[in-house]
Amino acid sequence: MGAPPTPVTAGVPLRPNPGVPPAGRALTRPRRRLLAAAAALVALAAVGAGSLLDLRTPTPRPADAPAGEFSATRAYEDVQVIAARSHVAGSPANDQVRAHVEQQLRGLGLETAVQDTVAPEAGQLSGAAGGATVARVRNVVARLPGTDPTGRVFLVAHYDSVQTGPGGNDDAAGTSAILEVARALSTGPRPRNDIVFVLTDAEEACLCGAAAFAASHPLAADGGVVLNLEARGSTGPVIMFETSKNNAKLVDVFGRAAPHPVGTSFAVEIYRALPNDTDFTAFLDQKFVGLNSAYIDGGAIYHTPLDTPAAMDRSSLQQHGDNALGLAREFGRTDLTDLRSGYDATYFPVPGGLVRYPGWLVLPLAVLAVLAVAALGWLTRRSGRASTGRLAAGFGLALVPIVVAPVAAQLLWLAITAIRPGYAELLDPYRPIWYRLAVLALAAAILFTWYALVRRRIGPAALAVGGLAWLALLGVLLAVAVPGGAYLTTLPALAGALGGLVALRTRQTGPWPVVAVTAAAAVGVVILLPTVVLLFPALGMAMGGVAALVAVLLGLTALPVVDLLHPQAGGQRGLVALRARRLAVLPAGAAALAAVVLAGVGLAVDRFDAAHPAPTHLMYALDAGTGQARWLSRESDPQPWTDGYVDGVASVADDFPGLGDGELRAGPAQAANLPAPKLDVLADTSAGGERTLRLRLTPQRAVRLATLHVDTATATVLRAEVAGRQVPVEPRAGRWGFGLVFHAPPAEGVEVTLTLRPIAAQVALRAMDASDGLDALPGFRPRPPAVGVVGSHSSEMLAVARTYPL
């Protein structure tokens, strides 16, 4: 018999290299591997640097910048006034901030008014407080009338802060940015559409200010476009992280009009799935459309006393203002009658702009990526670079780093938090860069180790195809479950498959195969590297495994380039083979050593001190009826300072239902001479088996909130009104079945009407109010300089409760 025919594809002979067994054949076989590797790595590094440089924040403009431009320096003057001290809703400090905001807007000649009302919550922020939530809010609203309006554009930020910090970033950044945008817009030609500036109250408490405006203000009656400005940190790029549904037209405007457009459809998908809310939530509930933006890095200071004006990165403020001004001008001249597209867009940042394409392309592209990878696998087998069995093994083994890297990253963080327990109470370490680099080095070490161990046996080509196959498969799964995130794996898989096909169709010893696979890897770098960088501050180090997963996916897209770092496998014997194996483990060993060193540097550099204190949580609760008092903490593993107050675990659901029903750390405390809120009966009537109580709940001291709960053993609540507003009756499990929470109660008290079905002769009601600050309490010992306050809505709370039988 004669020799079998040589396989031919499109006229090009596909002859296996007889000197190299199948396990040693890669997609590319350059003669000068080190030179090719260096060139490819330099190219990818340049692409990566360009992608990361595109995330840089702009230089702050000076105070003498042109009147029509946004100046972070001018806006920062307002930040210093707004965030001079903590200004929780209802406090005298918040009144002063509101007066300043109102004065600034009136000074621009804008139509300005204060919406003073009682409003229910939006979202789920107050669910732990155990009841229907309302607040007295005072929103500042100003309007720049349009010349020929087709709708209204609303710029929204909240001017209140948490009780534990002055809110230099959250949200003095948004408030000051809006004041500066209003100034810039008022100095130029009037826009076509109305521009409405909404500075909301009680966002930190319950989103009640935004809920009040969106649901009942006359300017909100016809809806419109909302641009909400937030901050959840102190630095970093401003990310457009949330949109209304069917966002394609909105995203198109964002990509064209925002000078620094950073945002991803993946972030929108994730945020929609999380139980997090901002003022934007209240507007979405009322069928507005719009965009929600924030900068989020530097999260260690979030909601803490360290969130001061001095902590703000003015470059982030500049980006916030530049984008808000650009979008306000664009929406101000756009026909707003039809901004709903019928579908969401897929979008992500690239150097120089924002890539975007319609959501209906997501699944077809994912299927195309699968077909392209399948074609690459077929051609790889036809060319003799891998057998069917090796391709199957490459696919199965490629799952190993995908699983191991995120697990290892989580274990690394567990080890670090065991050494430094205070990290458990922070969104992120104060100086997280070393830990982030350690996670990336760990992911690289796992990928390189895996590759060195299986490359010789399975073959570079089979492993490259297997890695791309997982990316393509994940793309299909994401296209079905999380469409906005499918681009993360679909596009790199598609690019990798096309690059591999080009490499196999060109002369294997020339430069073009290396160029093809490097260009394909560059697509993965452009898409996945910024995602890794943005995931760290978005999710915090506690979820660093997600960033490690994406880093490994990036590595899989670049396996043909990674292979160039290794000697050509196969065909070696003796000392040559031994030398090749030793060289193969060098990248893995270097990355593993880097991970250990970087984690160690992080522990050495990011120590708790006076400027970066360990976060602690402490509350004080007094039963004014029994005279019993307790220290309480939500720390799961109390810090040494907190340990001086708490000595066990207890539930306070029966005594203090306004604090929630979870178990807390508790310890005995001296009873302070503090009055409980007063409960007066204004009317008490019965008819048809129902009893109606009209009550007035009046705090006897300056407080942040007041609560009222009804004992389920004595009555069932049928209907409830607070300050003339009906509130939902949603009974809870436990003794206190119905409850309400009133934020920023006025000094004259709150009127509550309850319609009950009595069960006992007397109805038992539990009244509680809460203020902030523990310094004046008996037995309180001030924190040492290196001990701080955790960013929590209940930190430093002082609660006083009493039961009233009626």
# chains A, B, ... in the order shown; residues from 1 in each chain; ligands from 1

call {"tool": "residues_around", "arguments": {"residues": "Asp307 (chain A)", "least_positions_apart": "5", "cutoff": "7 Å", "atoms": "only C-alpha atoms", "output": "PyMOL selection string"}}
result
chain A and resi 165-169+301-302

call {"tool": "residues_around", "arguments": {"residues": "region 437-445 of chain A", "least_positions_apart": "2", "cutoff": "8 Å", "atoms": "only C-alpha atoms", "output": "ChimeraX atom specification"}}
result
/A:405-406,408-409,412,433-435,447-449,544-545,547-549,551-552,555,587-592,594-599

call {"tool": "write_last_selection", "arguments": {"atoms": "N, CA, C and O atoms", "output": "short mmCIF file (atom, residue, chain, number, x, y, z; two decimals), in the first residue's frame"}}
result
data_model
loop_
_atom_site.label_atom_id
_atom_site.label_comp_id
_atom_site.auth_asym_id
_atom_site.auth_seq_id
_atom_site.Cartn_x
_atom_site.Cartn_y
_atom_site.Cartn_z
N ALA A 405 -8.15 28.98 41.51
CA ALA A 405 -7.68 30.36 41.75
C ALA A 405 -8.63 31.15 42.65
O ALA A 405 -8.19 31.76 43.64
N PRO A 406 -9.94 31.21 42.37
CA PRO A 406 -10.80 31.95 43.29
C PRO A 406 -10.86 31.35 44.69
O PRO A 406 -10.94 32.09 45.68
N ALA A 408 -8.43 29.74 46.19
CA ALA A 408 -7.17 30.09 46.85
C ALA A 408 -7.17 31.56 47.28
O ALA A 408 -6.64 31.90 48.35
N ALA A 409 -7.75 32.43 46.46
CA ALA A 409 -7.82 33.85 46.82
C ALA A 409 -8.66 34.06 48.08
O ALA A 409 -8.30 34.86 48.95
N LEU A 412 -6.64 32.87 51.01
CA LEU A 412 -5.61 33.86 51.34
C LEU A 412 -6.20 34.97 52.19
O LEU A 412 -5.59 35.38 53.19
N ILE A 433 -3.80 48.07 47.92
CA ILE A 433 -3.11 47.76 46.66
C ILE A 433 -2.22 46.54 46.79
O ILE A 433 -2.15 45.70 45.88
N TRP A 434 -1.52 46.37 47.93
CA TRP A 434 -0.62 45.22 48.08
C TRP A 434 -1.40 43.91 48.11
O TRP A 434 -0.96 42.90 47.53
N TYR A 435 -2.54 43.90 48.76
CA TYR A 435 -3.35 42.69 48.81
C TYR A 435 -3.94 42.37 47.43
O TYR A 435 -4.06 41.21 47.05
N LEU A 447 -2.14 29.55 37.66
CA LEU A 447 -2.24 29.31 36.22
C LEU A 447 -0.93 28.77 35.67
O LEU A 447 -0.91 27.79 34.91
N PHE A 448 0.20 29.38 36.05
CA PHE A 448 1.50 28.95 35.53
C PHE A 448 1.86 27.55 36.03
O PHE A 448 2.44 26.74 35.28
N THR A 449 1.54 27.27 37.30
CA THR A 449 1.83 25.94 37.84
C THR A 449 1.03 24.87 37.12
O THR A 449 1.56 23.82 36.72
N GLY A 544 -12.35 38.88 46.89
CA GLY A 544 -11.24 38.94 45.94
C GLY A 544 -11.19 37.74 45.01
O GLY A 544 -10.57 37.81 43.94
N GLY A 545 -11.85 36.65 45.38
CA GLY A 545 -11.88 35.48 44.52
C GLY A 545 -12.53 35.76 43.17
O GLY A 545 -12.18 35.12 42.18
N ALA A 547 -12.26 38.60 41.44
CA ALA A 547 -11.21 39.21 40.63
C ALA A 547 -10.19 38.16 40.20
O ALA A 547 -9.68 38.19 39.07
N ALA A 548 -9.88 37.20 41.09
CA ALA A 548 -8.95 36.12 40.73
C ALA A 548 -9.51 35.28 39.60
O ALA A 548 -8.78 34.86 38.69
N LEU A 549 -10.81 35.01 39.62
CA LEU A 549 -11.44 34.24 38.55
C LEU A 549 -11.29 34.96 37.21
O LEU A 549 -10.90 34.35 36.21
N ALA A 551 -9.09 37.17 36.44
CA ALA A 551 -7.67 37.18 36.07
C ALA A 551 -7.27 35.87 35.41
O ALA A 551 -6.49 35.85 34.44
N VAL A 552 -7.77 34.75 35.92
CA VAL A 552 -7.47 33.46 35.30
C VAL A 552 -8.08 33.36 33.91
O VAL A 552 -7.46 32.84 32.97
N GLY A 555 -5.83 35.00 31.70
CA GLY A 555 -4.69 34.14 31.41
C GLY A 555 -5.01 33.08 30.38
O GLY A 555 -4.18 32.77 29.52
N PRO A 587 8.27 30.77 35.85
CA PRO A 587 7.18 31.76 35.99
C PRO A 587 6.28 31.45 37.18
O PRO A 587 5.87 32.37 37.90
N ALA A 588 5.96 30.17 37.38
CA ALA A 588 5.09 29.79 38.50
C ALA A 588 5.76 30.11 39.83
O ALA A 588 5.14 30.67 40.74
N GLY A 589 7.04 29.76 39.96
CA GLY A 589 7.75 30.04 41.21
C GLY A 589 7.87 31.51 41.48
O GLY A 589 7.69 31.96 42.63
N ALA A 590 8.15 32.30 40.45
CA ALA A 590 8.26 33.76 40.63
C ALA A 590 6.93 34.35 41.06
O ALA A 590 6.87 35.21 41.95
N ALA A 591 5.83 33.90 40.46
CA ALA A 591 4.51 34.44 40.82
C ALA A 591 4.12 34.04 42.24
O ALA A 591 3.56 34.84 42.99
N ALA A 592 4.42 32.78 42.62
CA ALA A 592 4.10 32.34 43.98
C ALA A 592 4.89 33.13 45.02
O ALA A 592 4.35 33.55 46.05
N ALA A 594 6.05 36.12 44.62
CA ALA A 594 5.50 37.48 44.61
C ALA A 594 4.22 37.55 45.45
O ALA A 594 4.00 38.53 46.18
N ALA A 595 3.36 36.54 45.37
CA ALA A 595 2.12 36.54 46.16
C ALA A 595 2.41 36.58 47.64
O ALA A 595 1.79 37.34 48.39
N VAL A 596 3.37 35.77 48.09
CA VAL A 596 3.73 35.74 49.51
C VAL A 596 4.32 37.08 49.94
O VAL A 596 3.96 37.64 50.98
N VAL A 597 5.24 37.60 49.14
CA VAL A 597 5.90 38.86 49.49
C VAL A 597 4.89 40.00 49.52
O VAL A 597 4.88 40.83 50.45
N LEU A 598 4.02 40.07 48.53
CA LEU A 598 3.04 41.15 48.47
C LEU A 598 2.06 41.10 49.63
O LEU A 598 1.71 42.14 50.21
N ALA A 599 1.61 39.89 50.00
CA ALA A 599 0.73 39.77 51.15
C ALA A 599 1.45 40.22 52.43
O ALA A 599 0.87 40.91 53.29
#

call {"tool": "residues_around", "arguments": {"residues": "Ala621 (chain A)", "least_positions_apart": "5", "cutoff": "7 Å", "atoms": "only C-alpha atoms", "output": "list of chain:residue names"}}
result
A:Ala629, A:Arg630, A:Trp631, A:Leu798, A:Ala799, A:Val800

call {"tool": "select_by_dssp", "arguments": {"residues": "region 575-667 of chain A", "states": "strand (DSSP E or B)", "output": "list in words"}}
result
Ala614, Pro615, Thr616, Met619, Tyr620, Ala621, Leu622, Asp623, Gln628, Ala629, Arg630, Trp631, Leu632, Ser633, Gly648, Val649, Ala650, Ser651, Glu663, Leu664, Arg665, Ala666 and Gly667 of chain A

call {"tool": "residues_around", "arguments": {"residues": "region 767-781 of chain A", "least_positions_apart": "2", "cutoff": "9 Å", "atoms": "only C-alpha atoms", "output": "PDB file with C-alpha atoms, in the first residue's frame"}}
result
ATOM      1  CA  GLN A 163     -24.426  59.961  62.110  1.00  0.00           C
ATOM      2  CA  THR A 164     -20.898  58.540  62.233  1.00  0.00           C
ATOM      3  CA  LEU A 618     -20.851  49.861  70.172  1.00  0.00           C
ATOM      4  CA  MET A 619     -24.394  50.825  71.220  1.00  0.00           C
ATOM      5  CA  TYR A 620     -26.110  51.567  74.524  1.00  0.00           C
ATOM      6  CA  ALA A 621     -29.682  50.484  75.291  1.00  0.00           C
ATOM      7  CA  TYR A 645     -17.971  46.278  77.220  1.00  0.00           C
ATOM      8  CA  PHE A 656     -35.615  46.747  71.875  1.00  0.00           C
ATOM      9  CA  PRO A 657     -37.515  45.651  68.743  1.00  0.00           C
ATOM     10  CA  GLY A 658     -36.389  48.819  66.980  1.00  0.00           C
ATOM     11  CA  ALA A 669     -24.039  48.844  81.712  1.00  0.00           C
ATOM     12  CA  GLN A 670     -24.818  51.515  84.293  1.00  0.00           C
ATOM     13  CA  ALA A 671     -28.253  53.055  83.899  1.00  0.00           C
ATOM     14  CA  ALA A 672     -28.141  56.669  82.724  1.00  0.00           C
ATOM     15  CA  ALA A 676     -38.060  57.479  77.424  1.00  0.00           C
ATOM     16  CA  PRO A 677     -40.236  58.918  74.657  1.00  0.00           C
ATOM     17  CA  LYS A 678     -43.651  60.032  75.884  1.00  0.00           C
ATOM     18  CA  LEU A 679     -46.801  58.365  74.548  1.00  0.00           C
ATOM     19  CA  LEU A 697     -45.237  59.909  70.325  1.00  0.00           C
ATOM     20  CA  PRO A 699     -39.209  62.304  72.220  1.00  0.00           C
ATOM     21  CA  ARG A 701     -34.572  64.671  74.076  1.00  0.00           C
ATOM     22  CA  ALA A 702     -32.898  65.373  70.737  1.00  0.00           C
ATOM     23  CA  VAL A 703     -33.063  62.099  68.807  1.00  0.00           C
ATOM     24  CA  ARG A 704     -32.458  60.739  65.332  1.00  0.00           C
ATOM     25  CA  LEU A 705     -35.375  58.317  65.223  1.00  0.00           C
ATOM     26  CA  ALA A 706     -38.347  57.037  67.206  1.00  0.00           C
ATOM     27  CA  THR A 707     -40.098  53.671  67.000  1.00  0.00           C
ATOM     28  CA  LEU A 708     -43.417  52.221  68.174  1.00  0.00           C
ATOM     29  CA  HIS A 709     -44.303  48.521  68.315  1.00  0.00           C
ATOM     30  CA  LEU A 765     -47.010  49.303  73.112  1.00  0.00           C
ATOM     31  CA  ARG A 783     -11.461  55.013  72.315  1.00  0.00           C
ATOM     32  CA  PRO A 784      -7.664  55.040  72.079  1.00  0.00           C
ATOM     33  CA  SER A 794     -26.306  51.913  64.333  1.00  0.00           C
ATOM     34  CA  SER A 795     -22.780  52.778  65.487  1.00  0.00           C
ATOM     35  CA  GLU A 796     -22.705  55.014  68.594  1.00  0.00           C
ATOM     36  CA  MET A 797     -26.488  54.698  68.984  1.00  0.00           C
ATOM     37  CA  LEU A 798     -28.047  55.448  72.360  1.00  0.00           C
ATOM     38  CA  ALA A 799     -31.514  53.885  72.624  1.00  0.00           C
ATOM     39  CA  VAL A 800     -34.103  54.373  75.378  1.00  0.00           C
ATOM     40  CA  ALA A 801     -37.319  52.327  75.465  1.00  0.00           C
ATOM     41  CA  ARG A 802     -40.391  51.851  77.624  1.00  0.00           C
ATOM     42  CA  THR A 803     -43.583  49.771  77.494  1.00  0.00           C
ATOM     43  CA  TYR A 804     -46.953  51.549  77.755  1.00  0.00           C
TER      44      TYR A 804
END

call {"tool": "atom_distance", "arguments": {"atom1": "CA of Arg381 (chain A)", "atom2": "CA of Val526 (chain A)"}}
result
29.7 Å

call {"tool": "closest_residue", "arguments": {"among": "A:Ser686, A:Met543, A:Ala614, A:Ala522", "to": "Gln410 (chain A)", "atoms": "only C-alpha atoms"}}
result
A:Met543
